[in-house]
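For reference, the structure discussed in these notes is given below.
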Amino acid sequence: MASEPIRGGGAQGALLTEGAGYMVVEIAQQAIALLVLPIFFFFLSVEDFGVITLSLVLTQFASTLGSMGLDFSLMRFYFKWSEADRGRIPATVLLLSVGWSLILGAGGDLLLRSLTSTAPQHWPLALGWWSGLLLAVRGIPLSIVRVNGAVRKYAMFVLGGAVLQAAVQAGGVVAGGGPTGYMAGYAIGAAGSALLAFAAVRRDFRWAPFTWRLPADVVAYTARVLPSMMLVRLMAAADRMVLARFATIETLGIYGAASRFTVPVKFLSGGFKMALGPVLSREEHSGRLDETFGRLGRFIVLGMLLVGSIVAMSVWFIQFTPWGHEASVEVQRLVALLLVAQFFAGIGYLGQLRLYYSTRPSLASVAVGTNVVALVVGLIVLVPRYGAVGAAVAELLAGIVTFAVLVVTVLISVGDVRRWTAVAVPLLTFAPCMAASWLADRRQQLAVFAVTLLGYAVVLFIHARRYVEVHGFPVR
């Protein structure tokens, strides 16, 4: 496709520029959503937000079911195909995704009608379901954009849809549409974004000669990775679901406030996760996959640790501001646990991605399934007794258990875990920060946080300087 050129600096240069681009897009999406958030709080009730939350859960599951994991398969095999197949196979995948989404949409709508007694209950849920299917269809052209490193095009599709979504949502809610108006904006934004994405890459699809049959290796690979993708959706909502069932609103609020402080780490890791898959697809044919993976993985982990130490310092300062209150100490301790849990989640994704690029990608489902079981069991056991702290500890323990399982599964699949386990070694250096949040006084905490932050900054600077000496700057 006529995409943006890959920047200089090799694989790490591509990861830096594309990862930063995806991170900016994610932040911009959140900023657009924040602009209209006061409108929703003014016009919607607590019950309305409950319906919207359930509708968005349906959106997440529908987006994975609609694509059937074929969007990731396109990125995985794209550079292994001939030039003709790079146009023909995505065209087949797109039509299959559209047809399958229509079937799922009709079936899901009928099921929701039978489960909901009134139209006000039905429409937000149905719109949430259809929104997910529209996002699944959009994922096909977006996968072509991502694998070619066309971040600007990606930003245009995603942010264009976000602006349209926010405008329709605000109008629908102000007009008295409630959850239905909110979810209508979600669906219209997804549809607009999907149309923009298809229009921009339509010339990359080849419709003749057309066939409904996909290559056998694509079908087999997709069947192996789809279960892990579905389990990831379940894992993302597990903590809130269990807290809502077993904890008080106050506990849920404290946990939610602490979770907000981990958003910068999620933005950083999320942006580089979006870029890492396409970069590995480009590097796989060169035979340097493990070397590239180890180098890029260490860079991502060091970046997460640097941002995490900045977050820990920021939470420490909040105690001395007018916004500080009695819960600040508890929030600080929760943030320490959740940061380490987020680090392990990032490591877990790296291991999962390495399995996707191995000869036994189905082992990723074993690792993710273990994470889900460990997380849910931990939440059910710990939340009723320890509340928000129990939820944070459950997240952390599930991450540690999953890391151990990933070491075994990567060893089975790849045969050598040294490069991958080396990625996790820097995590040990954050242990003093977590311990200080619980055991040290304020002055000692500041000393630990400052030293840790400076250490990460120095290590990243040395890492980047060595890379630039060899490869030059990633952006030229």
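Labeling convention for the structure tokens: chains A, B, ... as they appear, residues from 1 per chain, ligands from 1 in order of appearance.
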With range 125-132 of chain A as the partner and 12 Å as the cut-off, tabulate the residues of range 16-108 of chain A that qualify, each row holding the nearest pair of atoms and their distance in Å to one decimal, using only C-alpha atoms, sorted by chain and rising number, as a Markdown table.
| residue | atom | partner | partner_atom | distance |
| --- | --- | --- | --- | --- |
| A:Asp48 | CA | A:Leu125 | CA | 11.7 |
| A:Gly50 | CA | A:Leu125 | CA | 11.2 |
| A:Val51 | CA | A:Leu125 | CA | 7.6 |
| A:Ile52 | CA | A:Leu125 | CA | 7.9 |
| A:Thr53 | CA | A:Leu125 | CA | 9.6 |
| A:Leu54 | CA | A:Leu125 | CA | 7.3 |
| A:Ser55 | CA | A:Leu125 | CA | 4.7 |
| A:Leu56 | CA | A:Gly128 | CA | 5.8 |
| A:Val57 | CA | A:Gly128 | CA | 8.0 |
| A:Leu58 | CA | A:Trp129 | CA | 5.3 |
| A:Thr59 | CA | A:Gly132 | CA | 4.1 |
| A:Gln60 | CA | A:Gly132 | CA | 6.0 |
| A:Phe61 | CA | A:Gly132 | CA | 7.1 |
| A:Ala62 | CA | A:Gly132 | CA | 4.6 |
| A:Ser63 | CA | A:Gly132 | CA | 4.1 |
| A:Thr64 | CA | A:Gly132 | CA | 7.8 |
| A:Leu65 | CA | A:Gly132 | CA | 8.7 |
| A:Gly66 | CA | A:Gly132 | CA | 7.5 |
| A:Ser67 | CA | A:Gly132 | CA | 9.6 |
| A:Val98 | CA | A:Trp130 | CA | 11.8 |
| A:Ser101 | CA | A:Trp130 | CA | 8.5 |
| A:Leu102 | CA | A:Trp130 | CA | 9.0 |
| A:Ile103 | CA | A:Trp130 | CA | 11.0 |
| A:Leu104 | CA | A:Trp130 | CA | 8.9 |
| A:Gly105 | CA | A:Trp130 | CA | 6.0 |
| A:Ala106 | CA | A:Trp130 | CA | 9.2 |
| A:Gly107 | CA | A:Trp129 | CA | 10.5 |
| A:Gly108 | CA | A:Trp129 | CA | 7.3 |
Just the selected residues (N, CA and C atoms), exported as a CSV table (one decimal), in the first residue's frame, please.
chain,number,residue,atom,x,y,z
A,48,ASP,N,-28.3,4.7,34.6
A,48,ASP,CA,-28.0,4.8,33.2
A,48,ASP,C,-26.5,4.4,33.0
A,50,GLY,N,-24.9,2.2,34.7
A,50,GLY,CA,-24.9,0.8,34.8
A,50,GLY,C,-25.2,0.1,33.5
A,51,VAL,N,-26.3,0.6,32.8
A,51,VAL,CA,-26.7,0.0,31.5
A,51,VAL,C,-25.6,0.3,30.5
A,52,ILE,N,-25.0,1.5,30.5
A,52,ILE,CA,-23.9,1.8,29.5
A,52,ILE,C,-22.7,0.8,29.8
A,53,THR,N,-22.4,0.6,31.0
A,53,THR,CA,-21.2,-0.3,31.3
A,53,THR,C,-21.5,-1.7,30.8
A,54,LEU,N,-22.7,-2.2,31.0
A,54,LEU,CA,-23.0,-3.5,30.4
A,54,LEU,C,-23.0,-3.5,28.9
A,55,SER,N,-23.5,-2.5,28.3
A,55,SER,CA,-23.5,-2.3,26.8
A,55,SER,C,-22.1,-2.4,26.3
A,56,LEU,N,-21.1,-1.7,27.0
A,56,LEU,CA,-19.7,-1.6,26.5
A,56,LEU,C,-19.0,-3.0,26.7
A,57,VAL,N,-19.4,-3.7,27.7
A,57,VAL,CA,-18.9,-5.1,27.9
A,57,VAL,C,-19.3,-5.9,26.6
A,58,LEU,N,-20.6,-5.8,26.2
A,58,LEU,CA,-21.0,-6.5,25.0
A,58,LEU,C,-20.2,-6.0,23.8
A,59,THR,N,-19.9,-4.7,23.7
A,59,THR,CA,-19.1,-4.2,22.6
A,59,THR,C,-17.7,-4.8,22.5
A,60,GLN,N,-17.1,-5.0,23.7
A,60,GLN,CA,-15.8,-5.6,23.7
A,60,GLN,C,-15.8,-7.1,23.2
A,61,PHE,N,-16.8,-7.8,23.7
A,61,PHE,CA,-16.8,-9.2,23.2
A,61,PHE,C,-17.2,-9.3,21.8
A,62,ALA,N,-18.1,-8.5,21.3
A,62,ALA,CA,-18.6,-8.5,19.9
A,62,ALA,C,-17.4,-8.2,19.0
A,63,SER,N,-16.6,-7.2,19.4
A,63,SER,CA,-15.5,-6.8,18.5
A,63,SER,C,-14.5,-8.0,18.2
A,64,THR,N,-14.3,-8.8,19.2
A,64,THR,CA,-13.4,-10.0,19.1
A,64,THR,C,-14.1,-11.1,18.3
A,65,LEU,N,-15.4,-11.4,18.6
A,65,LEU,CA,-16.1,-12.4,17.9
A,65,LEU,C,-16.3,-12.1,16.4
A,66,GLY,N,-16.6,-10.8,16.1
A,66,GLY,CA,-16.8,-10.4,14.8
A,66,GLY,C,-15.6,-10.6,13.9
A,67,SER,N,-14.4,-10.2,14.4
A,67,SER,CA,-13.2,-10.4,13.6
A,67,SER,C,-12.7,-11.8,13.6
A,98,VAL,N,-17.6,-9.2,7.3
A,98,VAL,CA,-18.9,-8.5,7.2
A,98,VAL,C,-20.1,-9.5,7.3
A,101,SER,N,-20.4,-10.9,10.8
A,101,SER,CA,-20.9,-9.9,11.7
A,101,SER,C,-22.4,-9.7,11.5
A,102,LEU,N,-22.9,-9.7,10.3
A,102,LEU,CA,-24.3,-9.6,10.1
A,102,LEU,C,-25.1,-10.7,10.7
A,103,ILE,N,-24.5,-12.0,10.6
A,103,ILE,CA,-25.2,-13.1,11.2
A,103,ILE,C,-25.2,-13.0,12.8
A,104,LEU,N,-24.0,-12.6,13.3
A,104,LEU,CA,-23.9,-12.4,14.8
A,104,LEU,C,-24.8,-11.3,15.2
A,105,GLY,N,-24.9,-10.2,14.4
A,105,GLY,CA,-25.7,-9.1,14.8
A,105,GLY,C,-27.2,-9.5,14.9
A,106,ALA,N,-27.7,-10.2,13.9
A,106,ALA,CA,-29.1,-10.6,13.9
A,106,ALA,C,-29.4,-11.5,15.0
A,107,GLY,N,-28.5,-12.5,15.2
A,107,GLY,CA,-28.7,-13.5,16.3
A,107,GLY,C,-28.6,-12.9,17.6
A,108,GLY,N,-27.6,-12.0,17.8
A,108,GLY,CA,-27.5,-11.3,19.1
A,108,GLY,C,-28.7,-10.4,19.4
Would you pick out the contacts of Leu382 in chain A at 12 Å or less, using only C-alpha atoms, so that residues sharing its chain but fewer than 5 positions from it are not included, and give the list as a compact mmCIF listing (two decimals) with N, CA and C atoms, in the first residue's frame?
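Saved to selection.txt:
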# COMPACT_ATOMS: atom_id res chain seq x y z
N ASP A 239 -11.85 -7.57 37.65
CA ASP A 239 -11.69 -6.92 38.95
C ASP A 239 -12.89 -6.05 39.30
N VAL A 242 -16.04 -8.24 40.23
CA VAL A 242 -16.01 -8.85 41.56
C VAL A 242 -16.14 -7.78 42.65
N LEU A 243 -15.48 -6.62 42.45
CA LEU A 243 -15.60 -5.55 43.43
C LEU A 243 -17.04 -5.05 43.53
N PHE A 246 -18.90 -7.75 45.67
CA PHE A 246 -18.53 -8.07 47.06
C PHE A 246 -18.10 -6.86 47.89
N ALA A 247 -17.84 -5.71 47.27
CA ALA A 247 -17.31 -4.56 48.02
C ALA A 247 -18.33 -3.43 48.05
N ALA A 374 -6.51 -17.56 37.94
CA ALA A 374 -5.82 -17.05 39.12
C ALA A 374 -6.40 -15.72 39.57
N LEU A 375 -6.73 -14.85 38.62
CA LEU A 375 -7.28 -13.55 38.96
C LEU A 375 -8.66 -13.66 39.59
N VAL A 376 -9.54 -14.43 38.96
CA VAL A 376 -10.91 -14.55 39.48
C VAL A 376 -10.91 -15.21 40.86
N VAL A 377 -10.15 -16.29 41.02
CA VAL A 377 -10.08 -16.96 42.32
C VAL A 377 -9.51 -16.01 43.38
N GLY A 387 -11.04 -6.02 50.69
CA GLY A 387 -11.53 -4.91 49.88
C GLY A 387 -10.62 -4.57 48.72
N ALA A 388 -10.35 -3.26 48.56
CA ALA A 388 -9.56 -2.78 47.43
C ALA A 388 -8.14 -3.32 47.46
N VAL A 389 -7.55 -3.43 48.66
CA VAL A 389 -6.20 -4.00 48.77
C VAL A 389 -6.20 -5.45 48.30
N GLY A 390 -7.24 -6.18 48.64
CA GLY A 390 -7.35 -7.56 48.18
C GLY A 390 -7.40 -7.66 46.67
N ALA A 391 -8.13 -6.72 46.03
CA ALA A 391 -8.21 -6.72 44.57
C ALA A 391 -6.85 -6.44 43.95
N ALA A 392 -6.12 -5.48 44.52
CA ALA A 392 -4.79 -5.16 43.99
C ALA A 392 -3.82 -6.32 44.17
N VAL A 393 -3.88 -6.98 45.34
CA VAL A 393 -3.01 -8.13 45.58
C VAL A 393 -3.36 -9.27 44.63
N ALA A 394 -4.66 -9.47 44.38
CA ALA A 394 -5.08 -10.51 43.44
C ALA A 394 -4.53 -10.24 42.05
N GLU A 395 -4.57 -8.98 41.63
CA GLU A 395 -4.01 -8.61 40.32
C GLU A 395 -2.52 -8.94 40.26
N LEU A 397 -0.72 -11.10 42.21
CA LEU A 397 -0.46 -12.53 42.28
C LEU A 397 -0.78 -13.22 40.96
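The interatomic distance for the pair CA of Lys273 in chain A and CA of Gly160 in chain A works out to 21.9 Å.
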### Message
Calculated over only C-alpha atoms, which of the candidates A:Gln352, A:Thr452, A:Ser82, A:Gln445 has the smallest distance to Val307 in chain A?
### Response
A:Thr452
### Task
State, in Å with one decimal place, the distance from CA of Val335 in chain A to CA of Pro38 in chain A.
25.8 Å
